[in-house]
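What follows is one structure encoded as structure tokens, with my remarks underneath.
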Amino acid sequence: MGRAFSAFRMIQKPVLTQFPILQRVDADMISGLSLVFSPVAYLLLSERAIFASIIMVFLVLLLDALDGIVARAKGQTSKDGWMVDVSVDRVSEAIICLALSRVFIVLTIINMGLALLSCHYKKHAIIPLRQATLVILVVYFVLQSHPVFFYLEQFLFCW
Amino acid sequence: MNTFGHIFFANLLLVFGAPSIVSPTTLMATSIAAVITDLDHLAHLRTALKTRRFKSETRTRWHELPGLLLAMIASVAFMFFSEPLGRAILIGFVSHYFLDLLTRPTRPFYPLSEKVVFLGLAPRNLKKLTAYDAVITALFGVILIAGLHGQGILSI
């Protein structure tokens, strides 16, 4: 695990040399961009454009990961950066869950409570809700002709 | 974001994201939920008139993540009474926090932390910010009118 983590750290520096544009972009701005795409994901989910929503949620998560990579590569990691990241993540989650069932809304509420507790106790504990949503959406997309599809539809979208 | 910007954007999310629940009642509920969070600014109105802006210090805990948490719980509770109305209120609240976090300096974890967060996607200069707000609000307004027209709620 430790080796994998150090290997991950090693690829962070080359990211900046491979994509010079990232050197000029602020990590917080990348977080903001990931937030901008969240309403698009919400609208696509509402339209049941599943493939497009999978791509959009993936893009949101990619930008979310990229801001951390850029911040670490530039040596800008701090508690302030963590706050930007977590607050953007929670609002992004809240926007995406608007198109989903009550289960997801309740999980978003729990996650928001966990974020506040994390800030208070200085220990990071969050449910990876958007990642889980992405996995469920992929399964939903793949199993469209399977009997389980009906239950997934109920779980994801039933109000 | 200004009041009209909040109302237009919240209703945009409602009209395009949940067209099945669009009605005059839900539009009104979304509009109220989208602006009610700004009530805490009223206490600082006199200062804001002088400086021409509401600073992040004028935002209480109900205007940040703890407020959003409470608003979401209230909306879910409302859903047991009326699902469309609860959804509409939730859209209004969430859209408010979304726009504020995107375009204004906020203190998301207040009162746990005083740290001001600004994502840099809107200008800080007052003149530029006013122009930015006006353009975005007009854009939201035009798209909303088109959406309402498309739904048959508004005839132009």
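Identifiers in this document derive from the order of the structure tokens: chains are assigned A, B, ..., residues are numbered from 1 separately in each chain, and ligands are numbered from 1 in order of occurrence.
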
Please identify all polymer residues within 8 Å of B:Gly92, counting only C-alpha atoms, omitting same-chain residues fewer than 6 positions from it, and present them as a PyMOL selection string.
chain B and resi 7+10-11+29-35

Please report as a CSV table (one decimal) with C-alpha atoms, in the first residue's frame which residues of chain A come no farther than 9 Å from chain B, using only C-alpha atoms.
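Everything below was put into part-v2.csv:
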```csv
chain,number,residue,atom,x,y,z
A,26,ASP,CA,-5.0,27.2,-9.6
A,27,ALA,CA,-6.1,24.0,-7.8
A,28,ASP,CA,-9.1,25.8,-6.4
A,29,MET,CA,-10.2,26.8,-9.9
A,30,ILE,CA,-10.1,23.1,-10.9
A,31,SER,CA,-12.3,22.3,-7.9
A,32,GLY,CA,-14.7,25.1,-9.1
A,33,LEU,CA,-14.8,23.6,-12.6
A,35,LEU,CA,-18.6,22.0,-9.4
A,36,VAL,CA,-19.7,23.7,-12.6
A,39,PRO,CA,-25.6,20.6,-12.6
A,42,TYR,CA,-27.9,16.4,-12.6
A,43,LEU,CA,-29.8,17.5,-15.8
A,44,LEU,CA,-28.5,14.5,-17.8
A,45,LEU,CA,-29.5,12.1,-15.0
A,46,SER,CA,-33.0,13.8,-14.9
A,47,GLU,CA,-33.3,13.1,-18.6
A,80,ASP,CA,-7.4,25.3,3.7
A,81,GLY,CA,-7.1,23.2,0.5
A,83,MET,CA,-11.7,22.7,3.2
A,84,VAL,CA,-12.1,23.9,-0.4
A,87,SER,CA,-17.0,21.9,0.6
A,88,VAL,CA,-17.0,21.7,-3.2
A,90,ARG,CA,-20.4,18.1,-0.7
A,91,VAL,CA,-22.2,20.8,-2.7
A,92,SER,CA,-21.5,18.9,-6.0
A,94,ALA,CA,-26.0,17.7,-3.2
A,95,ILE,CA,-26.6,18.9,-6.8
A,98,LEU,CA,-31.3,16.1,-6.7
A,99,ALA,CA,-32.0,13.8,-9.7
A,102,ARG,CA,-34.5,9.7,-1.4
A,105,ILE,CA,-30.4,12.4,-0.6
A,106,VAL,CA,-30.3,10.9,2.8
A,108,THR,CA,-25.8,13.1,1.0
A,109,ILE,CA,-27.1,14.5,4.3
A,110,ILE,CA,-25.1,11.9,6.2
A,112,MET,CA,-22.5,16.5,4.9
A,113,GLY,CA,-22.7,15.7,8.6
A,115,ALA,CA,-17.8,16.5,6.7
A,116,LEU,CA,-18.7,18.8,9.5
A,119,CYS,CA,-13.6,19.4,10.4
A,120,HIS,CA,-14.4,19.4,14.1
A,159,TRP,CA,-39.2,9.2,-5.9
```

Return as a ChimeraX atom specification the full set of residues in stretch 78-156 of chain A whose backbone-based DSSP assignment is helix (DSSP H, G or I).
/A:79-97,102-121,129-142,148-156

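You will find atom CA of A:Cys158 at 13.9 Å from atom CA of B:Ile21.
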